[in-house]
Amino acid sequence: MKKYSWILIVCGILFLGCKSDEDCCTPNLETGNLIIKFKFDPAQDRLDNLGQPAIIPAGNAAQSPNFARMSANYIEFASSANTLLGAGEIIYNGAETTQGGEMAIDFQAAQFAGNDDIFISIPLEEVAQGTYNWVRVSLAYQEGSINLLQNGNDITGTLASFVGYNSYITSFDVNGSTFDINENKLQGFWAFEALGLTTQGQAPAGATTVPNPLFNTSPVPQGSCVVTGQFANAFTITGNETGNIEVTLSFSVNNSFEWTEINADGKYEPAIGEQPVDMGLRGLIPSVSN
């Protein structure tokens, strides 16, 4: 009884300063959310694995896809350039499975977002207080339209590319065509549809570009597709926020679809054997707004 008596006494004292009955002895449950949005920018710098400007290699050609949606499997905030992968604040970790053998991203449980769409929203109270300068994003899947030359005609097709370290895929749909896989696929697996015709393939191991400006101080495993970007201005989570914080992850799609040329005309011609070799995004610029 003593415990409850003390509660009643405290509430009685607080009542004197309450504006309404609802305010009394009721915790303030108002809290903001951390909102993560995706943006796909064809005008953003085209970078290499070290975060330096990159040109298209001789013998290859490239174009900027019009991405409809994308998925990530891991998002981490880092306070400094020396924060190792996994030692920062991990705000998102997607589903994984061993159903296909080795550990892999569970594609059937993946979340997606389009351009300027919300990917995830989580309560700010679940994010550790601190000041963050960098963000790391492990990309998993990209889907969008690309241009190609087919029998002398310029047409548009749909490309699905699995850029995550390893993906367990049962099946997926590309523009109405279903691909049944039921196994793990390593980074670089792709599928393509145009005019009802489909094909699929695998880019060479290690060929997917993954820009990491922190290569010297905070490397990432090859094949992980962990793209790293720096906030223009560091932002701080204090724990006292009541409004939302919105972080936009702007990915460079500047000539991010690259293929080997057989007919050196700058047009993708799969019918003559031109093969995709690189589908990695070409940079990440994160920004914050309240």
# chains A, B, ... in the order shown; residues from 1 in each chain; ligands from 1
$ select_by_dssp --residues "segment 25-238 of chain A" --states "strand (DSSP E or B)" --output "VMD selection string"
chain A and resid 33 to 41 47 53 60 to 63 66 to 78 89 to 93 96 to 97 104 to 106 113 118 to 123 130 to 150 153 to 162 166 to 174 177 to 186 189 to 194 197 to 202 226 to 237
$ closest_atom_pairs --of "segment 216-241 of chain A" --to "segment 36-51 of chain A" --cutoff "10 Å" --atoms "only C-alpha atoms" --output "tab-separated table"
residue	atom	partner	partner_atom	distance
A:Asn216	CA	A:Leu50	CA	8.8
A:Pro219	CA	A:Leu50	CA	9.8
A:Val227	CA	A:Asn49	CA	8.9
A:Thr228	CA	A:Gly51	CA	8.6
A:Gly229	CA	A:Gly51	CA	8.9
$ write_last_selection --atoms "N, CA and C atoms" --output "PDB file, in the first residue's frame"
ATOM      1  N   ASN A 216      40.465   3.476 -47.505  1.00  0.00           N
ATOM      2  CA  ASN A 216      41.723   3.344 -46.750  1.00  0.00           C
ATOM      3  C   ASN A 216      41.518   3.216 -45.249  1.00  0.00           C
ATOM      4  N   PRO A 219      37.404  -0.116 -44.947  1.00  0.00           N
ATOM      5  CA  PRO A 219      37.081  -0.909 -46.138  1.00  0.00           C
ATOM      6  C   PRO A 219      35.833  -1.752 -45.934  1.00  0.00           C
ATOM      7  N   VAL A 227      27.636   0.772 -50.324  1.00  0.00           N
ATOM      8  CA  VAL A 227      27.995   2.083 -50.868  1.00  0.00           C
ATOM      9  C   VAL A 227      28.066   3.084 -49.721  1.00  0.00           C
ATOM     10  N   THR A 228      29.095   3.934 -49.732  1.00  0.00           N
ATOM     11  CA  THR A 228      29.348   4.873 -48.640  1.00  0.00           C
ATOM     12  C   THR A 228      29.218   6.309 -49.123  1.00  0.00           C
ATOM     13  N   GLY A 229      28.560   7.155 -48.337  1.00  0.00           N
ATOM     14  CA  GLY A 229      28.430   8.560 -48.690  1.00  0.00           C
ATOM     15  C   GLY A 229      28.538   9.449 -47.467  1.00  0.00           C
TER      16      GLY A 229
END
$ closest_atom_pairs --of "segment 151-189 of chain A" --to "segment 223-226 of chain A" --cutoff "8 Å" --atoms "only C-alpha atoms" --output "Markdown table"
| residue | atom | partner | partner_atom | distance |
| --- | --- | --- | --- | --- |
| A:Val163 | CA | A:Cys225 | CA | 6.5 |
| A:Gly164 | CA | A:Cys225 | CA | 5.8 |
| A:Tyr165 | CA | A:Ser224 | CA | 4.6 |
| A:Gln187 | CA | A:Gly223 | CA | 6.4 |
$ write_last_selection --atoms "C-alpha atoms" --output "PDB file, in the first residue's frame"
ATOM      1  CA  VAL A 163      23.607  -6.381 -56.613  1.00  0.00           C
ATOM      2  CA  GLY A 164      23.557  -7.716 -53.042  1.00  0.00           C
ATOM      3  CA  TYR A 165      26.330 -10.000 -51.795  1.00  0.00           C
ATOM      4  CA  GLN A 187      26.147 -10.367 -56.829  1.00  0.00           C
TER       5      GLN A 187
END
$ residues_around --residues "Thr158 of chain A" --least-positions-apart "2" --cutoff "9 Å" --atoms "only C-alpha atoms" --output "list of chain:residue names"
A:Glu143, A:Gly144, A:Ser145, A:Ile146, A:Asn147, A:Thr156, A:Ala160, A:Val174, A:Asn175, A:Ala191, A:Phe192, A:Glu193, A:Ala194
$ write_last_selection --atoms "N, CA and C atoms" --output "compact mmCIF listing (two decimals), in the first residue's frame"
# COMPACT_ATOMS: atom_id res chain seq x y z
N GLU A 143 15.58 -2.25 -60.27
CA GLU A 143 14.70 -2.59 -61.39
C GLU A 143 14.29 -1.33 -62.12
N GLY A 144 14.46 -1.34 -63.44
CA GLY A 144 14.08 -0.17 -64.21
C GLY A 144 14.23 -0.40 -65.70
N SER A 145 13.95 0.62 -66.46
CA SER A 145 13.97 0.50 -67.91
C SER A 145 15.29 0.96 -68.50
N ILE A 146 15.70 0.29 -69.56
CA ILE A 146 16.89 0.66 -70.31
C ILE A 146 16.56 0.61 -71.80
N ASN A 147 17.39 1.28 -72.58
CA ASN A 147 17.20 1.31 -74.03
C ASN A 147 18.10 0.26 -74.68
N THR A 156 12.59 -0.25 -75.69
CA THR A 156 12.83 -0.15 -74.26
C THR A 156 12.55 -1.49 -73.61
N ALA A 160 16.26 -6.17 -64.34
CA ALA A 160 16.30 -6.46 -62.90
C ALA A 160 17.70 -6.91 -62.57
N VAL A 174 9.18 -9.60 -63.85
CA VAL A 174 9.73 -8.44 -64.56
C VAL A 174 8.78 -8.10 -65.70
N ASN A 175 8.05 -7.02 -65.52
CA ASN A 175 7.14 -6.53 -66.55
C ASN A 175 6.17 -7.61 -67.02
N ALA A 191 18.32 -10.17 -64.89
CA ALA A 191 17.29 -10.68 -65.77
C ALA A 191 16.73 -9.52 -66.58
N PHE A 192 16.25 -9.84 -67.79
CA PHE A 192 15.86 -8.78 -68.72
C PHE A 192 14.62 -9.22 -69.49
N GLU A 193 13.73 -8.24 -69.71
CA GLU A 193 12.52 -8.48 -70.50
C GLU A 193 12.31 -7.35 -71.48
N ALA A 194 11.96 -7.71 -72.72
CA ALA A 194 11.61 -6.72 -73.73
C ALA A 194 10.66 -7.37 -74.74
$ residues_around --residues "Leu148 of chain A" --least-positions-apart "6" --cutoff "9 Å" --atoms "only C-alpha atoms" --output "list in words"
Asp154, Ile155, Thr156, Gly157, Lys267, Tyr268, Glu269 and Pro270 of chain A
$ write_last_selection --atoms "C-alpha atoms" --output "PDB file, in the first residue's frame"
ATOM      1  CA  ASP A 154      15.340   1.210 -80.774  1.00  0.00           C
ATOM      2  CA  ILE A 155      13.142  -0.252 -78.036  1.00  0.00           C
ATOM      3  CA  THR A 156      12.834  -0.154 -74.257  1.00  0.00           C
ATOM      4  CA  GLY A 157      13.252  -3.152 -71.979  1.00  0.00           C
ATOM      5  CA  LYS A 267      23.754   1.051 -78.054  1.00  0.00           C
ATOM      6  CA  TYR A 268      23.037  -2.059 -76.029  1.00  0.00           C
ATOM      7  CA  GLU A 269      22.463  -4.965 -78.428  1.00  0.00           C
ATOM      8  CA  PRO A 270      21.868  -8.207 -76.499  1.00  0.00           C
TER       9      PRO A 270
END
$ residues_around --residues "segment 103-116 of chain A" --least-positions-apart "4" --cutoff "10 Å" --atoms "only C-alpha atoms" --output "NGL selection string"
:A and (36-41 or 66-73 or 94-99 or 120 or 140-144 or 162 or 164-172 or 183-186 or 248-251)
$ write_last_selection --atoms "N, CA and C atoms" --output "tab-separated table (two decimals), in the first residue's frame"
chain	number	residue	atom	x	y	z
A	36	ILE	N	13.69	7.45	-44.02
A	36	ILE	CA	14.72	7.23	-45.04
A	36	ILE	C	14.06	7.17	-46.41
A	37	LYS	N	14.47	8.07	-47.31
A	37	LYS	CA	13.93	8.11	-48.67
A	37	LYS	C	15.03	7.82	-49.69
A	38	PHE	N	14.63	7.29	-50.84
A	38	PHE	CA	15.55	7.04	-51.94
A	38	PHE	C	15.37	8.10	-53.03
A	39	LYS	N	16.49	8.41	-53.67
A	39	LYS	CA	16.46	9.27	-54.85
A	39	LYS	C	17.45	8.71	-55.87
A	40	PHE	N	17.08	8.74	-57.14
A	40	PHE	CA	17.93	8.23	-58.21
A	40	PHE	C	18.29	9.39	-59.13
A	41	ASP	N	19.57	9.73	-59.20
A	41	ASP	CA	20.00	10.95	-59.89
A	41	ASP	C	20.95	10.63	-61.03
A	66	ASN	N	16.40	4.16	-66.04
A	66	ASN	CA	15.29	4.85	-65.39
A	66	ASN	C	14.72	3.90	-64.36
A	67	PHE	N	15.26	3.95	-63.14
A	67	PHE	CA	14.89	2.97	-62.12
A	67	PHE	C	13.48	3.23	-61.60
A	68	ALA	N	12.71	2.15	-61.50
A	68	ALA	CA	11.36	2.21	-60.94
A	68	ALA	C	11.37	1.93	-59.45
A	69	ARG	N	12.25	1.04	-59.02
A	69	ARG	CA	12.32	0.72	-57.60
A	69	ARG	C	13.67	0.11	-57.26
A	70	MET	N	13.96	0.13	-55.98
A	70	MET	CA	15.24	-0.36	-55.48
A	70	MET	C	15.04	-0.92	-54.08
A	71	SER	N	15.95	-1.83	-53.69
A	71	SER	CA	15.90	-2.38	-52.34
A	71	SER	C	17.29	-2.34	-51.73
A	72	ALA	N	17.33	-2.13	-50.43
A	72	ALA	CA	18.59	-2.19	-49.67
A	72	ALA	C	18.42	-3.23	-48.56
A	73	ASN	N	19.54	-3.77	-48.12
A	73	ASN	CA	19.49	-4.79	-47.08
A	73	ASN	C	20.14	-4.35	-45.77
A	94	GLY	N	17.93	-6.00	-43.25
A	94	GLY	CA	16.87	-6.77	-43.88
A	94	GLY	C	16.94	-8.25	-43.58
A	95	ALA	N	15.91	-8.96	-43.99
A	95	ALA	CA	15.81	-10.40	-43.73
A	95	ALA	C	16.84	-11.18	-44.52
A	96	GLU	N	17.41	-12.19	-43.89
A	96	GLU	CA	18.37	-13.09	-44.53
A	96	GLU	C	17.96	-14.54	-44.26
A	97	THR	N	18.48	-15.46	-45.07
A	97	THR	CA	18.09	-16.85	-44.94
A	97	THR	C	19.21	-17.77	-45.42
A	98	THR	N	19.19	-19.00	-44.93
A	98	THR	CA	20.12	-20.03	-45.41
A	98	THR	C	19.37	-21.09	-46.21
A	99	GLN	N	18.17	-20.77	-46.63
A	99	GLN	CA	17.35	-21.75	-47.34
A	99	GLN	C	18.01	-22.22	-48.64
A	120	ILE	N	12.04	3.31	-45.41
A	120	ILE	CA	11.69	2.90	-44.05
A	120	ILE	C	11.40	4.14	-43.21
A	140	ALA	N	20.64	-4.12	-52.60
A	140	ALA	CA	20.27	-5.51	-52.86
A	140	ALA	C	19.69	-5.73	-54.26
A	141	TYR	N	18.87	-4.81	-54.72
A	141	TYR	CA	18.12	-5.06	-55.96
A	141	TYR	C	17.78	-3.74	-56.63
A	142	GLN	N	17.80	-3.75	-57.97
A	142	GLN	CA	17.43	-2.59	-58.77
A	142	GLN	C	16.55	-3.06	-59.93
A	143	GLU	N	15.58	-2.25	-60.27
A	143	GLU	CA	14.70	-2.59	-61.39
A	143	GLU	C	14.29	-1.33	-62.12
A	144	GLY	N	14.46	-1.34	-63.44
A	144	GLY	CA	14.08	-0.17	-64.21
A	144	GLY	C	14.23	-0.40	-65.70
A	162	PHE	N	20.44	-7.94	-59.40
A	162	PHE	CA	20.64	-8.30	-58.00
A	162	PHE	C	22.09	-7.97	-57.64
A	164	GLY	N	23.19	-7.34	-54.40
A	164	GLY	CA	23.56	-7.72	-53.04
A	164	GLY	C	24.60	-8.82	-53.04
A	165	TYR	N	25.23	-9.03	-51.88
A	165	TYR	CA	26.33	-10.00	-51.80
A	165	TYR	C	25.91	-11.40	-52.20
A	166	ASN	N	24.66	-11.77	-51.91
A	166	ASN	CA	24.13	-13.09	-52.23
A	166	ASN	C	22.62	-13.00	-52.00
A	167	SER	N	21.82	-13.49	-52.91
A	167	SER	CA	20.37	-13.37	-52.78
A	167	SER	C	19.72	-14.73	-52.99
A	168	TYR	N	18.86	-15.09	-52.03
A	168	TYR	CA	18.04	-16.29	-52.23
A	168	TYR	C	16.73	-15.85	-52.88
A	169	ILE	N	16.46	-16.41	-54.06
A	169	ILE	CA	15.33	-15.98	-54.86
A	169	ILE	C	14.47	-17.20	-55.18
A	170	THR	N	13.20	-17.15	-54.83
A	170	THR	CA	12.29	-18.20	-55.29
A	170	THR	C	11.82	-17.85	-56.70
A	171	SER	N	11.19	-16.70	-56.85
A	171	SER	CA	10.78	-16.22	-58.17
A	171	SER	C	10.58	-14.72	-58.10
A	172	PHE	N	10.56	-14.09	-59.26
A	172	PHE	CA	10.28	-12.66	-59.33
A	172	PHE	C	9.68	-12.35	-60.69
A	183	GLU	N	16.97	-20.63	-55.85
A	183	GLU	CA	18.34	-20.86	-55.40
A	183	GLU	C	19.01	-19.53	-55.09
A	184	ASN	N	20.22	-19.63	-54.52
A	184	ASN	CA	21.02	-18.43	-54.26
A	184	ASN	C	21.64	-17.92	-55.56
A	185	LYS	N	21.75	-16.61	-55.65
A	185	LYS	CA	22.45	-15.97	-56.77
A	185	LYS	C	23.41	-14.93	-56.21
A	186	LEU	N	24.66	-15.00	-56.66
A	186	LEU	CA	25.67	-14.06	-56.20
A	186	LEU	C	25.49	-12.70	-56.85
A	248	THR	N	17.49	11.75	-47.01
A	248	THR	CA	17.36	11.34	-48.41
A	248	THR	C	18.69	10.77	-48.88
A	249	LEU	N	18.64	9.55	-49.38
A	249	LEU	CA	19.81	8.88	-49.92
A	249	LEU	C	19.77	9.01	-51.43
A	250	SER	N	20.59	9.92	-51.96
A	250	SER	CA	20.61	10.17	-53.39
A	250	SER	C	21.70	9.33	-54.05
A	251	PHE	N	21.27	8.39	-54.88
A	251	PHE	CA	22.20	7.47	-55.54
A	251	PHE	C	22.47	7.93	-56.97
$ residues_around --residues "segment 128-135 of chain A" --least-positions-apart "5" --cutoff "7 Å" --atoms "only C-alpha atoms" --output "number ranges by chain"
A: 76-80, 89, 228-231, 234-239
$ write_last_selection --atoms "C-alpha atoms" --output "compact mmCIF listing (two decimals), in the first residue's frame"
# COMPACT_ATOMS: atom_id res chain seq x y z
CA GLU A 76 24.32 2.21 -41.03
CA PHE A 77 25.24 5.67 -39.76
CA ALA A 78 28.90 6.27 -38.90
CA SER A 79 30.34 9.08 -36.81
CA SER A 80 33.79 9.27 -38.42
CA GLU A 89 24.59 2.79 -35.67
CA THR A 228 29.35 4.87 -48.64
CA GLY A 229 28.43 8.56 -48.69
CA GLN A 230 29.19 11.64 -46.59
CA PHE A 231 26.66 14.14 -45.25
CA ALA A 234 27.00 16.33 -39.86
CA PHE A 235 23.69 15.86 -38.10
CA THR A 236 23.03 15.07 -34.48
CA ILE A 237 20.34 13.02 -32.80
CA THR A 238 19.91 14.36 -29.26
CA GLY A 239 17.10 12.16 -28.00
$ atom_distance --atom1 "atom CA of Glu258 of chain A" --atom2 "atom CA of Ser177 of chain A"
23.3 Å
$ select_by_dssp --residues "segment 66-251 of chain A" --states "helix (DSSP H, G or I)" --output "PyMOL selection string"
chain A and resi 107-109+124-126
$ closest_atom_pairs --of "segment 260-288 of chain A" --to "segment 202-209 of chain A" --cutoff "9 Å" --atoms "only C-alpha atoms" --output "Markdown table"
| residue | atom | partner | partner_atom | distance |
| --- | --- | --- | --- | --- |
| A:Gln275 | CA | A:Ala203 | CA | 8.0 |
| A:Pro276 | CA | A:Ala203 | CA | 6.3 |
| A:Val277 | CA | A:Ala203 | CA | 5.0 |
| A:Asp278 | CA | A:Thr208 | CA | 4.8 |
| A:Met279 | CA | A:Thr208 | CA | 5.9 |
| A:Gly280 | CA | A:Thr209 | CA | 4.7 |
| A:Leu281 | CA | A:Thr209 | CA | 6.8 |
| A:Arg282 | CA | A:Thr209 | CA | 7.0 |
$ atom_distance --atom1 "atom CA of Leu124 of chain A" --atom2 "atom CA of Gly88 of chain A"
15.9 Å
$ closest_residue --among "A:Ile35, A:Leu139, A:Leu84, A:Ile55" --to "Ser287 of chain A" --atoms "only C-alpha atoms"
A:Ile35
$ closest_residue --among "A:Pro213, A:Trp259, A:Leu149, A:Ala271" --to "Thr199 of chain A" --atoms "only C-alpha atoms"
A:Ala271
$ decode --residues "segment 48-61 of chain A" --atoms "N, CA and C atoms" --output "mmCIF file, in the first residue's frame"
data_model
loop_
_atom_site.group_PDB
_atom_site.id
_atom_site.type_symbol
_atom_site.label_atom_id
_atom_site.label_comp_id
_atom_site.auth_asym_id
_atom_site.auth_seq_id
_atom_site.Cartn_x
_atom_site.Cartn_y
_atom_site.Cartn_z
ATOM 1 N N ASP A 48 34.112 5.674 -59.034
ATOM 2 C CA ASP A 48 34.634 4.318 -59.046
ATOM 3 C C ASP A 48 34.590 3.743 -57.635
ATOM 4 N N ASN A 49 35.240 2.600 -57.437
ATOM 5 C CA ASN A 49 35.211 1.929 -56.133
ATOM 6 C C ASN A 49 35.844 2.751 -55.019
ATOM 7 N N LEU A 50 36.738 3.675 -55.354
ATOM 8 C CA LEU A 50 37.419 4.502 -54.360
ATOM 9 C C LEU A 50 36.733 5.851 -54.160
ATOM 10 N N GLY A 51 35.598 6.035 -54.840
ATOM 11 C CA GLY A 51 34.899 7.301 -54.717
ATOM 12 C C GLY A 51 35.474 8.404 -55.571
ATOM 13 N N GLN A 52 36.259 8.031 -56.589
ATOM 14 C CA GLN A 52 36.854 9.004 -57.498
ATOM 15 C C GLN A 52 36.100 9.012 -58.826
ATOM 16 N N PRO A 53 36.131 10.145 -59.552
ATOM 17 C CA PRO A 53 35.443 10.195 -60.849
ATOM 18 C C PRO A 53 35.898 9.069 -61.766
ATOM 19 N N ALA A 54 34.941 8.456 -62.458
ATOM 20 C CA ALA A 54 35.242 7.283 -63.280
ATOM 21 C C ALA A 54 34.790 7.502 -64.715
ATOM 22 N N ILE A 55 35.622 7.046 -65.647
ATOM 23 C CA ILE A 55 35.255 7.076 -67.053
ATOM 24 C C ILE A 55 34.815 5.677 -67.472
ATOM 25 N N ILE A 56 34.185 5.581 -68.626
ATOM 26 C CA ILE A 56 33.755 4.284 -69.146
ATOM 27 C C ILE A 56 34.954 3.623 -69.819
ATOM 28 N N PRO A 57 35.320 2.404 -69.426
ATOM 29 C CA PRO A 57 36.505 1.750 -69.998
ATOM 30 C C PRO A 57 36.385 1.551 -71.510
ATOM 31 N N ALA A 58 37.519 1.537 -72.172
ATOM 32 C CA ALA A 58 37.551 1.273 -73.613
ATOM 33 C C ALA A 58 36.946 -0.100 -73.884
ATOM 34 N N GLY A 59 36.130 -0.186 -74.911
ATOM 35 C CA GLY A 59 35.492 -1.443 -75.266
ATOM 36 C C GLY A 59 34.139 -1.644 -74.617
ATOM 37 N N ASN A 60 33.781 -0.735 -73.698
ATOM 38 C CA ASN A 60 32.483 -0.798 -73.040
ATOM 39 C C ASN A 60 31.649 0.421 -73.409
ATOM 40 N N ALA A 61 30.361 0.338 -73.135
ATOM 41 C CA ALA A 61 29.458 1.473 -73.253
ATOM 42 C C ALA A 61 28.519 1.435 -72.057
#
